[in-house]
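Chemist: Next comes final_0.cif, mmCIF, C-alpha atoms; chains and numbers go by the auth columns:
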data_work
#
loop_
_atom_site.group_PDB
_atom_site.id
_atom_site.type_symbol
_atom_site.label_atom_id
_atom_site.label_comp_id
_atom_site.label_asym_id
_atom_site.label_seq_id
_atom_site.Cartn_x
_atom_site.Cartn_y
_atom_site.Cartn_z
_atom_site.B_iso_or_equiv
_atom_site.auth_seq_id
_atom_site.auth_asym_id
ATOM 1 C CA TYR A 1 2.236 -4.594 6.433 0.00 282 A
ATOM 2 C CA TYR A 2 1.854 -8.081 7.861 0.00 283 A
ATOM 3 C CA TYR A 3 3.703 -7.353 11.120 0.00 284 A
ATOM 4 C CA VAL A 4 1.374 -4.722 12.561 0.00 285 A
ATOM 5 C CA GLY A 5 0.424 -7.261 15.216 0.00 286 A
ATOM 6 C CA LYS A 6 3.995 -7.064 16.529 0.00 287 A
ATOM 7 C CA THR A 7 4.025 -3.269 16.439 0.00 288 A
ATOM 8 C CA PRO A 8 1.654 -0.983 14.498 0.00 289 A
ATOM 9 C CA ALA A 9 4.612 1.284 13.688 0.00 290 A
ATOM 10 C CA ALA A 10 5.945 -1.417 11.354 0.00 291 A
ATOM 11 C CA ALA A 11 3.257 -0.362 8.882 0.00 292 A
ATOM 12 C CA PHE A 12 5.229 2.797 8.079 0.00 293 A
ATOM 13 C CA GLY A 13 7.886 0.566 6.516 0.00 294 A
ATOM 14 C CA THR A 14 5.378 -0.450 3.854 0.00 295 A
ATOM 15 C CA SER A 15 2.456 1.942 3.542 0.00 296 A
ATOM 16 C CA ILE A 16 -0.469 3.202 5.562 0.00 297 A
ATOM 17 C CA PRO A 17 -3.940 4.169 4.338 0.00 298 A
ATOM 18 C CA PHE A 18 -4.080 7.670 2.834 0.00 299 A
ATOM 19 C CA GLY A 19 -0.321 7.950 3.117 0.00 300 A
ATOM 20 C CA LEU A 20 2.446 8.486 0.589 0.00 301 A
ATOM 21 C CA ASN A 21 2.693 7.441 -3.034 0.00 302 A
ATOM 22 C CA GLY A 22 5.747 5.533 -4.235 0.00 303 A
ATOM 23 C CA GLN A 23 7.884 8.565 -5.021 0.00 304 A
ATOM 24 C CA GLN A 24 6.888 10.286 -1.786 0.00 305 A
ATOM 25 C CA GLN A 25 7.544 7.123 0.215 0.00 306 A
ATOM 26 C CA ASN A 26 11.077 6.919 -1.162 0.00 307 A
ATOM 27 C CA ALA A 27 11.615 10.609 -0.390 0.00 308 A
ATOM 28 C CA TRP A 28 10.532 10.053 3.223 0.00 309 A
ATOM 29 C CA LEU A 29 12.622 6.915 3.690 0.00 310 A
ATOM 30 C CA TYR A 30 15.827 8.117 2.038 0.00 311 A
ATOM 31 C CA GLU A 31 15.771 11.867 2.653 0.00 312 A
ATOM 32 C CA GLY A 32 13.089 12.557 5.266 0.00 313 A
ATOM 33 C CA GLY A 33 14.496 10.498 8.139 0.00 314 A
ATOM 34 C CA GLY A 34 11.970 7.677 7.783 0.00 315 A
ATOM 35 C CA LEU A 35 14.421 4.828 7.252 0.00 316 A
ATOM 36 C CA LYS A 36 16.624 5.992 10.115 0.00 317 A
ATOM 37 C CA SER A 37 13.666 6.008 12.513 0.00 318 A
ATOM 38 C CA LEU A 38 12.431 2.624 11.330 0.00 319 A
ATOM 39 C CA GLN A 39 15.887 1.050 11.525 0.00 320 A
ATOM 40 C CA GLU A 40 16.212 2.210 15.120 0.00 321 A
ATOM 41 C CA LEU A 41 12.821 0.632 15.889 0.00 322 A
ATOM 42 C CA TYR A 42 13.610 -2.682 14.164 0.00 323 A
ATOM 43 C CA ALA A 43 17.018 -2.916 15.821 0.00 324 A
ATOM 44 C CA ARG A 44 15.655 -2.239 19.292 0.00 325 A
ATOM 45 C CA LYS A 45 12.571 -4.435 19.115 0.00 326 A
ATOM 46 C CA PHE A 46 13.555 -7.231 16.745 0.00 327 A
ATOM 47 C CA GLY A 47 17.357 -7.288 16.326 0.00 328 A
ATOM 48 C CA VAL A 48 16.901 -6.673 12.604 0.00 329 A
ATOM 49 C CA ILE A 49 18.162 -4.141 10.079 0.00 330 A
ATOM 50 C CA GLN A 50 16.078 -3.474 6.978 0.00 331 A
ATOM 51 C CA PHE A 51 16.414 -1.704 3.651 0.00 332 A
ATOM 52 C CA PRO A 52 13.773 -0.699 1.068 0.00 333 A
ATOM 53 C CA ALA A 53 13.973 -3.267 -1.721 0.00 334 A
ATOM 54 C CA GLY A 54 10.927 -2.722 -3.905 0.00 335 A
ATOM 55 C CA ASN A 55 7.774 -0.674 -4.398 0.00 336 A
ATOM 56 C CA THR A 56 4.668 -1.600 -6.387 0.00 337 A
ATOM 57 C CA GLY A 57 3.495 1.972 -6.767 0.00 338 A
ATOM 58 C CA GLY A 58 -0.150 2.803 -6.125 0.00 339 A
ATOM 59 C CA GLN A 59 -2.249 -0.332 -5.880 0.00 340 A
ATOM 60 C CA MET A 60 -5.824 -0.963 -6.945 0.00 341 A
ATOM 61 C CA GLY A 61 -8.865 -1.021 -4.679 0.00 342 A
ATOM 62 C CA GLY A 62 -9.844 -4.642 -5.090 0.00 343 A
ATOM 63 C CA TRP A 63 -12.199 -7.005 -6.887 0.00 344 A
ATOM 64 C CA PHE A 64 -15.896 -7.147 -6.033 0.00 345 A
ATOM 65 C CA ARG A 65 -18.635 -9.537 -7.085 0.00 346 A
ATOM 66 C CA LYS A 66 -21.154 -6.685 -6.966 0.00 347 A
ATOM 67 C CA GLU A 67 -21.064 -2.895 -7.194 0.00 348 A
ATOM 68 C CA ILE A 68 -20.581 -0.833 -4.046 0.00 349 A
ATOM 69 C CA SER A 69 -21.575 2.808 -3.935 0.00 350 A
ATOM 70 C CA THR A 70 -22.287 3.712 -0.327 0.00 351 A
ATOM 71 C CA ILE A 71 -21.168 2.807 3.175 0.00 352 A
ATOM 72 C CA ASN A 72 -24.322 0.728 3.497 0.00 353 A
ATOM 73 C CA ASP A 73 -23.098 -1.488 0.654 0.00 354 A
ATOM 74 C CA LEU A 74 -20.075 -2.436 2.761 0.00 355 A
ATOM 75 C CA GLN A 75 -22.065 -3.706 5.738 0.00 356 A
ATOM 76 C CA GLY A 76 -21.385 -7.413 6.219 0.00 357 A
ATOM 77 C CA LEU A 77 -19.389 -7.673 2.992 0.00 358 A
ATOM 78 C CA LYS A 78 -16.764 -10.444 3.284 0.00 359 A
ATOM 79 C CA MET A 79 -13.445 -9.130 1.940 0.00 360 A
ATOM 80 C CA ARG A 80 -9.906 -10.430 1.866 0.00 361 A
ATOM 81 C CA ILE A 81 -7.771 -7.487 2.979 0.00 362 A
ATOM 82 C CA PRO A 82 -4.989 -7.706 5.594 0.00 363 A
ATOM 83 C CA GLY A 83 -2.993 -5.034 7.408 0.00 364 A
ATOM 84 C CA LEU A 84 -4.200 -1.606 8.431 0.00 365 A
ATOM 85 C CA GLY A 85 -6.439 -1.470 5.375 0.00 366 A
ATOM 86 C CA GLY A 86 -8.296 -4.428 6.794 0.00 367 A
ATOM 87 C CA GLN A 87 -8.646 -2.726 10.166 0.00 368 A
ATOM 88 C CA VAL A 88 -10.109 0.345 8.489 0.00 369 A
ATOM 89 C CA MET A 89 -12.506 -1.732 6.412 0.00 370 A
ATOM 90 C CA ALA A 90 -13.623 -3.497 9.592 0.00 371 A
ATOM 91 C CA LYS A 91 -14.464 -0.104 11.106 0.00 372 A
ATOM 92 C CA LEU A 92 -16.645 0.540 8.038 0.00 373 A
ATOM 93 C CA GLY A 93 -18.631 -2.662 8.575 0.00 374 A
ATOM 94 C CA VAL A 94 -16.723 -5.122 6.388 0.00 375 A
ATOM 95 C CA THR A 95 -16.145 -8.684 7.590 0.00 376 A
ATOM 96 C CA VAL A 96 -12.409 -8.949 7.022 0.00 377 A
ATOM 97 C CA GLN A 97 -10.626 -12.118 5.893 0.00 378 A
ATOM 98 C CA THR A 98 -6.828 -12.568 5.718 0.00 379 A
ATOM 99 C CA LEU A 99 -6.423 -15.328 3.161 0.00 380 A
ATOM 100 C CA PRO A 100 -3.055 -16.006 1.480 0.00 381 A
ATOM 101 C CA GLY A 101 -2.830 -15.059 -2.177 0.00 382 A
ATOM 102 C CA SER A 102 -3.024 -18.671 -3.315 0.00 383 A
ATOM 103 C CA GLU A 103 -6.543 -19.011 -1.857 0.00 384 A
ATOM 104 C CA ILE A 104 -8.134 -15.803 -3.160 0.00 385 A
ATOM 105 C CA PHE A 105 -9.319 -17.152 -6.511 0.00 386 A
ATOM 106 C CA GLN A 106 -11.145 -20.143 -5.066 0.00 387 A
ATOM 107 C CA ALA A 107 -12.665 -18.120 -2.233 0.00 388 A
ATOM 108 C CA LEU A 108 -14.109 -15.606 -4.708 0.00 389 A
ATOM 109 C CA GLN A 109 -15.210 -18.348 -7.061 0.00 390 A
ATOM 110 C CA THR A 110 -17.143 -20.238 -4.385 0.00 391 A
ATOM 111 C CA GLY A 111 -18.605 -17.128 -2.762 0.00 392 A
ATOM 112 C CA ALA A 112 -16.714 -17.693 0.490 0.00 393 A
ATOM 113 C CA ILE A 113 -15.734 -14.030 0.126 0.00 394 A
ATOM 114 C CA ASP A 114 -17.433 -11.204 -1.747 0.00 395 A
ATOM 115 C CA ALA A 115 -14.346 -9.134 -2.518 0.00 396 A
ATOM 116 C CA ALA A 116 -10.568 -9.225 -2.370 0.00 397 A
ATOM 117 C CA GLU A 117 -7.580 -6.986 -2.871 0.00 398 A
ATOM 118 C CA TRP A 118 -4.214 -8.216 -4.074 0.00 399 A
ATOM 119 C CA VAL A 119 -1.882 -5.762 -5.825 0.00 400 A
ATOM 120 C CA GLY A 120 -2.732 -4.232 -9.201 0.00 401 A
ATOM 121 C CA PRO A 121 -3.511 -5.195 -12.806 0.00 402 A
ATOM 122 C CA TYR A 122 -0.159 -6.827 -13.596 0.00 403 A
ATOM 123 C CA ASP A 123 -0.282 -9.184 -10.610 0.00 404 A
ATOM 124 C CA ASP A 124 -4.060 -9.552 -10.342 0.00 405 A
ATOM 125 C CA GLU A 125 -4.253 -10.718 -13.957 0.00 406 A
ATOM 126 C CA LYS A 126 -1.860 -13.551 -13.129 0.00 407 A
ATOM 127 C CA LEU A 127 -4.216 -14.805 -10.409 0.00 408 A
ATOM 128 C CA GLY A 128 -7.139 -14.676 -12.829 0.00 409 A
ATOM 129 C CA LEU A 129 -9.254 -12.643 -10.423 0.00 410 A
ATOM 130 C CA ASN A 130 -11.141 -11.108 -13.350 0.00 411 A
ATOM 131 C CA ARG A 131 -12.665 -14.528 -13.996 0.00 412 A
ATOM 132 C CA VAL A 132 -14.406 -14.636 -10.601 0.00 413 A
ATOM 133 C CA ALA A 133 -15.243 -10.975 -9.895 0.00 414 A
ATOM 134 C CA GLU A 134 -16.174 -8.463 -12.575 0.00 415 A
ATOM 135 C CA TYR A 135 -15.959 -5.133 -10.709 0.00 416 A
ATOM 136 C CA TYR A 136 -12.475 -3.688 -10.278 0.00 417 A
ATOM 137 C CA TYR A 137 -12.251 -0.706 -7.922 0.00 418 A
ATOM 138 C CA TYR A 138 -9.725 2.090 -7.532 0.00 419 A
ATOM 139 C CA PRO A 139 -7.837 3.690 -5.882 0.00 420 A
ATOM 140 C CA GLY A 140 -6.136 1.373 -3.404 0.00 421 A
ATOM 141 C CA TRP A 141 -6.264 4.021 -0.690 0.00 422 A
ATOM 142 C CA TRP A 142 -4.750 1.629 1.862 0.00 423 A
ATOM 143 C CA GLU A 143 -1.565 1.133 -0.216 0.00 424 A
ATOM 144 C CA PRO A 144 -0.787 4.284 -2.211 0.00 425 A
ATOM 145 C CA GLY A 145 2.926 3.429 -2.457 0.00 426 A
ATOM 146 C CA PRO A 146 3.931 0.294 -0.536 0.00 427 A
ATOM 147 C CA THR A 147 7.576 -0.576 0.052 0.00 428 A
ATOM 148 C CA LEU A 148 8.946 -4.104 0.255 0.00 429 A
ATOM 149 C CA GLU A 149 11.808 -4.658 2.710 0.00 430 A
ATOM 150 C CA LEU A 150 14.998 -6.661 2.818 0.00 431 A
ATOM 151 C CA GLN A 151 15.358 -7.723 6.461 0.00 432 A
ATOM 152 C CA ILE A 152 18.639 -9.028 7.908 0.00 433 A
ATOM 153 C CA ASN A 153 19.621 -10.267 11.352 0.00 434 A
ATOM 154 C CA LEU A 154 21.430 -7.283 12.856 0.00 435 A
ATOM 155 C CA LYS A 155 24.211 -9.294 14.512 0.00 436 A
ATOM 156 C CA GLU A 156 25.000 -11.076 11.253 0.00 437 A
ATOM 157 C CA TRP A 157 24.889 -7.774 9.391 0.00 438 A
ATOM 158 C CA GLN A 158 27.421 -6.272 11.754 0.00 439 A
ATOM 159 C CA LYS A 159 29.845 -9.111 10.962 0.00 440 A
ATOM 160 C CA LEU A 160 29.963 -8.168 7.277 0.00 441 A
ATOM 161 C CA PRO A 161 32.880 -6.092 5.959 0.00 442 A
ATOM 162 C CA PRO A 162 31.889 -2.526 4.995 0.00 443 A
ATOM 163 C CA ALA A 163 32.313 -3.318 1.296 0.00 444 A
ATOM 164 C CA TYR A 164 29.824 -6.191 1.552 0.00 445 A
ATOM 165 C CA GLN A 165 27.382 -4.009 3.469 0.00 446 A
ATOM 166 C CA ALA A 166 27.645 -1.391 0.734 0.00 447 A
ATOM 167 C CA ALA A 167 27.004 -4.047 -1.921 0.00 448 A
ATOM 168 C CA VAL A 168 23.844 -5.219 -0.148 0.00 449 A
ATOM 169 C CA GLN A 169 22.554 -1.659 0.290 0.00 450 A
ATOM 170 C CA THR A 170 23.258 -0.855 -3.370 0.00 451 A
ATOM 171 C CA ALA A 171 21.469 -3.998 -4.553 0.00 452 A
ATOM 172 C CA ALA A 172 18.451 -3.227 -2.364 0.00 453 A
ATOM 173 C CA PHE A 173 18.321 0.340 -3.691 0.00 454 A
ATOM 174 C CA GLU A 174 18.454 -0.884 -7.294 0.00 455 A
ATOM 175 C CA ALA A 175 15.690 -3.413 -6.612 0.00 456 A
ATOM 176 C CA ASN A 176 13.553 -0.671 -5.069 0.00 457 A
ATOM 177 C CA MET A 177 13.908 1.663 -8.043 0.00 458 A
ATOM 178 C CA THR A 178 13.598 -1.086 -10.665 0.00 459 A
ATOM 179 C CA MET A 179 10.421 -2.592 -9.247 0.00 460 A
ATOM 180 C CA LEU A 180 8.635 0.759 -9.147 0.00 461 A
ATOM 181 C CA ALA A 181 9.615 1.476 -12.741 0.00 462 A
ATOM 182 C CA ARG A 182 8.474 -1.946 -13.938 0.00 463 A
ATOM 183 C CA TYR A 183 5.075 -1.731 -12.271 0.00 464 A
ATOM 184 C CA ASP A 184 4.479 1.725 -13.711 0.00 465 A
ATOM 185 C CA ALA A 185 5.413 0.436 -17.160 0.00 466 A
ATOM 186 C CA ARG A 186 3.361 -2.774 -17.068 0.00 467 A
ATOM 187 C CA ASN A 187 0.223 -2.045 -15.059 0.00 468 A
ATOM 188 C CA ASN A 188 -1.634 -0.044 -17.682 0.00 469 A
ATOM 189 C CA GLN A 189 -1.021 -2.660 -20.352 0.00 470 A
ATOM 190 C CA ALA A 190 -2.441 -5.320 -18.054 0.00 471 A
ATOM 191 C CA LEU A 191 -5.399 -3.105 -17.136 0.00 472 A
ATOM 192 C CA GLN A 192 -6.321 -2.589 -20.781 0.00 473 A
ATOM 193 C CA ARG A 193 -6.262 -6.364 -21.328 0.00 474 A
ATOM 194 C CA LEU A 194 -8.547 -6.853 -18.321 0.00 475 A
ATOM 195 C CA ILE A 195 -11.006 -4.226 -19.577 0.00 476 A
ATOM 196 C CA LYS A 196 -10.963 -5.773 -23.052 0.00 477 A
ATOM 197 C CA ASN A 197 -11.943 -9.069 -21.438 0.00 478 A
ATOM 198 C CA GLY A 198 -14.979 -7.591 -19.720 0.00 479 A
ATOM 199 C CA VAL A 199 -13.771 -6.151 -16.434 0.00 480 A
ATOM 200 C CA LYS A 200 -15.898 -3.236 -15.209 0.00 481 A
ATOM 201 C CA LEU A 201 -13.706 -0.482 -13.796 0.00 482 A
ATOM 202 C CA ARG A 202 -15.220 1.517 -10.943 0.00 483 A
ATOM 203 C CA SER A 203 -14.002 4.244 -8.591 0.00 484 A
ATOM 204 C CA TYR A 204 -14.738 4.327 -4.889 0.00 485 A
ATOM 205 C CA SER A 205 -17.401 6.935 -4.195 0.00 486 A
ATOM 206 C CA PRO A 206 -16.454 10.161 -2.403 0.00 487 A
ATOM 207 C CA GLU A 207 -18.629 8.968 0.493 0.00 488 A
ATOM 208 C CA ILE A 208 -16.631 5.771 0.951 0.00 489 A
ATOM 209 C CA LEU A 209 -13.273 7.512 0.528 0.00 490 A
ATOM 210 C CA ALA A 210 -14.143 10.200 3.073 0.00 491 A
ATOM 211 C CA ALA A 211 -15.373 7.634 5.589 0.00 492 A
ATOM 212 C CA ALA A 212 -12.276 5.482 5.072 0.00 493 A
ATOM 213 C CA GLU A 213 -9.933 8.450 5.553 0.00 494 A
ATOM 214 C CA LYS A 214 -11.740 9.507 8.739 0.00 495 A
ATOM 215 C CA ALA A 215 -11.599 5.956 10.100 0.00 496 A
ATOM 216 C CA SER A 216 -7.898 5.686 9.190 0.00 497 A
ATOM 217 C CA PHE A 217 -6.820 8.734 11.163 0.00 498 A
ATOM 218 C CA GLU A 218 -9.008 7.739 14.095 0.00 499 A
ATOM 219 C CA LEU A 219 -7.125 4.442 14.068 0.00 500 A
ATOM 220 C CA TYR A 220 -3.767 6.274 14.036 0.00 501 A
ATOM 221 C CA ASP A 221 -4.807 8.446 16.961 0.00 502 A
ATOM 222 C CA ASN A 222 -5.754 5.314 18.879 0.00 503 A
ATOM 223 C CA PHE A 223 -2.401 3.675 18.117 0.00 504 A
ATOM 224 C CA ALA A 224 -0.531 6.840 19.108 0.00 505 A
ATOM 225 C CA ALA A 225 -2.332 6.984 22.451 0.00 506 A
ATOM 226 C CA LYS A 226 -1.250 3.435 23.284 0.00 507 A
ATOM 227 C CA ASP A 227 2.117 3.013 21.560 0.00 508 A
ATOM 228 C CA ALA A 228 5.016 5.437 22.021 0.00 509 A
ATOM 229 C CA ASP A 229 6.883 4.152 18.958 0.00 510 A
ATOM 230 C CA PHE A 230 3.871 4.711 16.732 0.00 511 A
ATOM 231 C CA GLN A 231 3.284 8.147 18.229 0.00 512 A
ATOM 232 C CA ARG A 232 6.871 9.249 17.567 0.00 513 A
ATOM 233 C CA ILE A 233 7.111 7.964 14.003 0.00 514 A
ATOM 234 C CA PHE A 234 3.596 9.086 13.134 0.00 515 A
ATOM 235 C CA GLY A 235 4.395 12.623 14.253 0.00 516 A
ATOM 236 C CA GLU A 236 7.528 12.740 12.088 0.00 517 A
ATOM 237 C CA TRP A 237 5.749 11.092 9.164 0.00 518 A
ATOM 238 C CA LYS A 238 2.728 13.417 9.357 0.00 519 A
ATOM 239 C CA GLN A 239 4.902 16.527 9.242 0.00 520 A
ATOM 240 C CA PHE A 240 6.715 15.175 6.186 0.00 521 A
ATOM 241 C CA ARG A 241 3.425 14.174 4.552 0.00 522 A
ATOM 242 C CA ASP A 242 1.999 17.665 4.987 0.00 523 A
ATOM 243 C CA ARG A 243 5.123 19.259 3.506 0.00 524 A
ATOM 244 C CA ILE A 244 5.424 16.975 0.496 0.00 525 A
ATOM 245 C CA TYR A 245 1.679 17.112 -0.214 0.00 526 A
ATOM 246 C CA ALA A 246 1.910 20.910 -0.304 0.00 527 A
ATOM 247 C CA TRP A 247 4.917 20.815 -2.638 0.00 528 A
ATOM 248 C CA ASN A 248 3.554 18.105 -4.945 0.00 529 A
ATOM 249 C CA ASN A 249 0.200 19.896 -5.158 0.00 530 A
ATOM 250 C CA ILE A 250 2.078 22.836 -6.674 0.00 531 A
ATOM 251 C CA ASN A 251 4.545 21.072 -8.919 0.00 532 A
ATOM 252 C CA SER A 252 3.520 17.595 -10.076 0.00 533 A
ATOM 253 C CA ALA A 253 -0.200 17.545 -9.216 0.00 534 A
ATOM 254 C CA SER A 254 -0.913 20.802 -11.063 0.00 535 A
ATOM 255 C CA PHE A 255 0.757 19.359 -14.153 0.00 536 A
ATOM 256 C CA ASP A 256 -1.119 16.061 -13.690 0.00 537 A
ATOM 257 C CA ARG A 257 -4.495 17.786 -13.392 0.00 538 A
ATOM 258 C CA TYR A 258 -3.910 19.680 -16.626 0.00 539 A
ATOM 259 C CA SER A 259 -2.523 16.703 -18.555 0.00 540 A
ATOM 260 C CA TYR A 260 -4.954 14.037 -17.347 0.00 541 A
ATOM 261 C CA ALA A 261 -7.984 16.253 -18.000 0.00 542 A
ATOM 262 C CA LYS A 262 -7.331 15.670 -21.692 0.00 543 A
ATOM 263 C CA LEU A 263 -7.566 11.891 -21.391 0.00 544 A
ATOM 264 C CA LYS A 264 -10.718 10.078 -22.383 0.00 545 A
ATOM 265 C CA SER A 265 -12.171 8.042 -19.533 0.00 546 A
#
For the file at hand, write its structure as structure tokens.
Modeler:
Amino acid sequence: YYYVGKTPAAAFGTSIPFGLNGQQQNAWLYEGGGLKSLQELYARKFGVIQFPAGNTGGQMGGWFRKEISTINDLQGLKMRIPGLGGQVMAKLGVTVQTLPGSEIFQALQTGAIDAAEWVGPYDDEKLGLNRVAEYYYYPGWWEPGPTLELQINLKEWQKLPPAYQAAVQTAAFEANMTMLARYDARNNQALQRLIKNGVKLRSYSPEILAAAEKASFELYDNFAAKDADFQRIFGEWKQFRDRIYAWNNINSASFDRYSYAKLKS
């Protein structure tokens, strides 16, 4: 996510806009060849081996000091959003800032920025972002299922006995599964507290989502034309994405559409 300046293909290790949700991301990494491809890339370019070690699940779309409904509302808006999501927002007219988390509250409070994304209700509540921006947008289309990585110097890793390597891999796997479960369990509780305290929940308009998706895939095509590693991994990833979208649209999404239609907004 933060290393796209070193190679844009690193983004696949976390999440890319309009990509995979948490469950789909794990399926791609563990069973779809994603981790193997990324480990080859990290080893060759950086002398590092990495393992998935956490996932926040789908994130939120950020905090805004005013409502946004159209692309025109984004023009000149100052927003804290790093990574590929920031690059897409820049293509939509946003003035992108890459502040560390510790500076977001003050920047919103003083008006140095107009909007900011962090993670989701459970983490955003801790930063108190609801006290300096009242509009909370969803979905976080730039991070639908972001993975955190454990990264280890490859030469040092190779010195470890196989049993120690297995212990590290097992611990990373447990951390990955546990984090996703905890976020799913805690985010809604935090969101309800935020709403109770006056937060105004808003969804991105279809116009903004469509423009963001178009800009995202234009960005990927540009990366692929210039970077062979991105082109290779993107091709593999896109084929997997198409397959798992088709399957999940039949199994889980059809159940979700029926079940969630009964919920009160």
Chemist: Would you please work out which residue, of A:Asp502, A:Glu312, A:Glu437, A:Glu398, is nearest to Met370 of chain A when using only C-alpha atoms?
Modeler: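 Once distances to Met370 of chain A are computed over only C-alpha atoms, the minimum belongs to A:Glu398.
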Chemist: I need the residue set behind the PyMOL selection byres ((chain A and resi 513-517) around 9) for this file; please write it as a list of chain:residue names.
Modeler: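 Written out, the selection comes to A:Ala290, A:Phe293, A:Gly313, A:Gly314, A:Gly315, A:Ser318, A:Leu319, A:Tyr501, A:Ala505, A:Asp508, A:Ala509, A:Asp510, A:Phe511, A:Gln512, A:Trp518, A:Lys519, A:Gln520, A:Phe521, A:Arg522.
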Chemist: Could you please determine the separation between atom CA of Ala292 of chain A and atom CA of Gly342 of chain A in Å, to one decimal place?
Modeler: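 Here the two named atoms are 18.2 Å from each other.
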Chemist: Check the smallest atom-to-atom distance from each of A:Trp309, A:Phe504, A:Leu301, A:Leu373 to Gly286 of chain A using all atoms listed in the file, then report the winner.
Modeler: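 Among A:Trp309, A:Phe504, A:Leu301, A:Leu373, it is A:Phe504 that comes nearest to Gly286 of chain A.
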Chemist: Take the point (-17.6, -12.0, 7.9) in the file's coordinates, draw a sphere of radius 7 Å around it, and report as a PyMOL selection string every protein, DNA or RNA residue with an atom inside or on it, counting only C-alpha atoms.
Modeler: chain A and resi 357-359+376-377
Chemist: Using only C-alpha atoms, which residue out of A:Ala471, A:Val369, A:Leu435, A:Ile394 lies closest to Glu499 of chain A?
Modeler: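 Nearest candidate to Glu499 of chain A out of A:Ala471, A:Val369, A:Leu435, A:Ile394: A:Val369.
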Chemist: Please reconstruct the missing atoms of segment 447-460 of chain A (target: N, CA, C and O atoms) and return them as a compact mmCIF listing (two decimals), in the coordinates of the input.
Modeler:
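Wrote it out as out-v6.txt, contents follow:
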# COMPACT_ATOMS: atom_id res chain seq x y z
N ALA A 447 27.94 -2.35 1.80
CA ALA A 447 27.64 -1.39 0.73
C ALA A 447 27.04 -2.09 -0.48
O ALA A 447 26.13 -1.56 -1.13
N ALA A 448 27.53 -3.30 -0.78
CA ALA A 448 27.00 -4.05 -1.92
C ALA A 448 25.54 -4.42 -1.69
O ALA A 448 24.71 -4.32 -2.60
N VAL A 449 25.23 -4.85 -0.47
CA VAL A 449 23.84 -5.22 -0.15
C VAL A 449 22.93 -3.99 -0.25
O VAL A 449 21.84 -4.05 -0.83
N GLN A 450 23.36 -2.87 0.33
CA GLN A 450 22.55 -1.66 0.29
C GLN A 450 22.33 -1.18 -1.14
O GLN A 450 21.23 -0.74 -1.49
N THR A 451 23.38 -1.27 -1.97
CA THR A 451 23.26 -0.86 -3.37
C THR A 451 22.29 -1.75 -4.13
O THR A 451 21.47 -1.27 -4.92
N ALA A 452 22.38 -3.06 -3.89
CA ALA A 452 21.47 -4.00 -4.55
C ALA A 452 20.02 -3.75 -4.14
O ALA A 452 19.11 -3.80 -4.97
N ALA A 453 19.81 -3.50 -2.84
CA ALA A 453 18.45 -3.23 -2.36
C ALA A 453 17.90 -1.95 -3.00
O ALA A 453 16.73 -1.88 -3.40
N PHE A 454 18.75 -0.93 -3.09
CA PHE A 454 18.32 0.34 -3.69
C PHE A 454 17.94 0.14 -5.15
O PHE A 454 16.91 0.65 -5.62
N GLU A 455 18.76 -0.63 -5.88
CA GLU A 455 18.45 -0.88 -7.29
C GLU A 455 17.14 -1.66 -7.43
O GLU A 455 16.32 -1.35 -8.31
N ALA A 456 16.94 -2.64 -6.57
CA ALA A 456 15.69 -3.41 -6.61
C ALA A 456 14.49 -2.51 -6.35
O ALA A 456 13.44 -2.65 -6.99
N ASN A 457 14.64 -1.58 -5.41
CA ASN A 457 13.55 -0.67 -5.07
C ASN A 457 13.18 0.20 -6.27
O ASN A 457 12.00 0.33 -6.63
N MET A 458 14.17 0.78 -6.91
CA MET A 458 13.91 1.66 -8.04
C MET A 458 13.39 0.88 -9.25
O MET A 458 12.48 1.32 -9.96
N THR A 459 13.97 -0.29 -9.49
CA THR A 459 13.60 -1.09 -10.66
C THR A 459 12.17 -1.59 -10.57
O THR A 459 11.41 -1.54 -11.54
N MET A 460 11.78 -2.07 -9.40
CA MET A 460 10.42 -2.59 -9.25
C MET A 460 9.38 -1.51 -9.50
O MET A 460 8.39 -1.75 -10.20
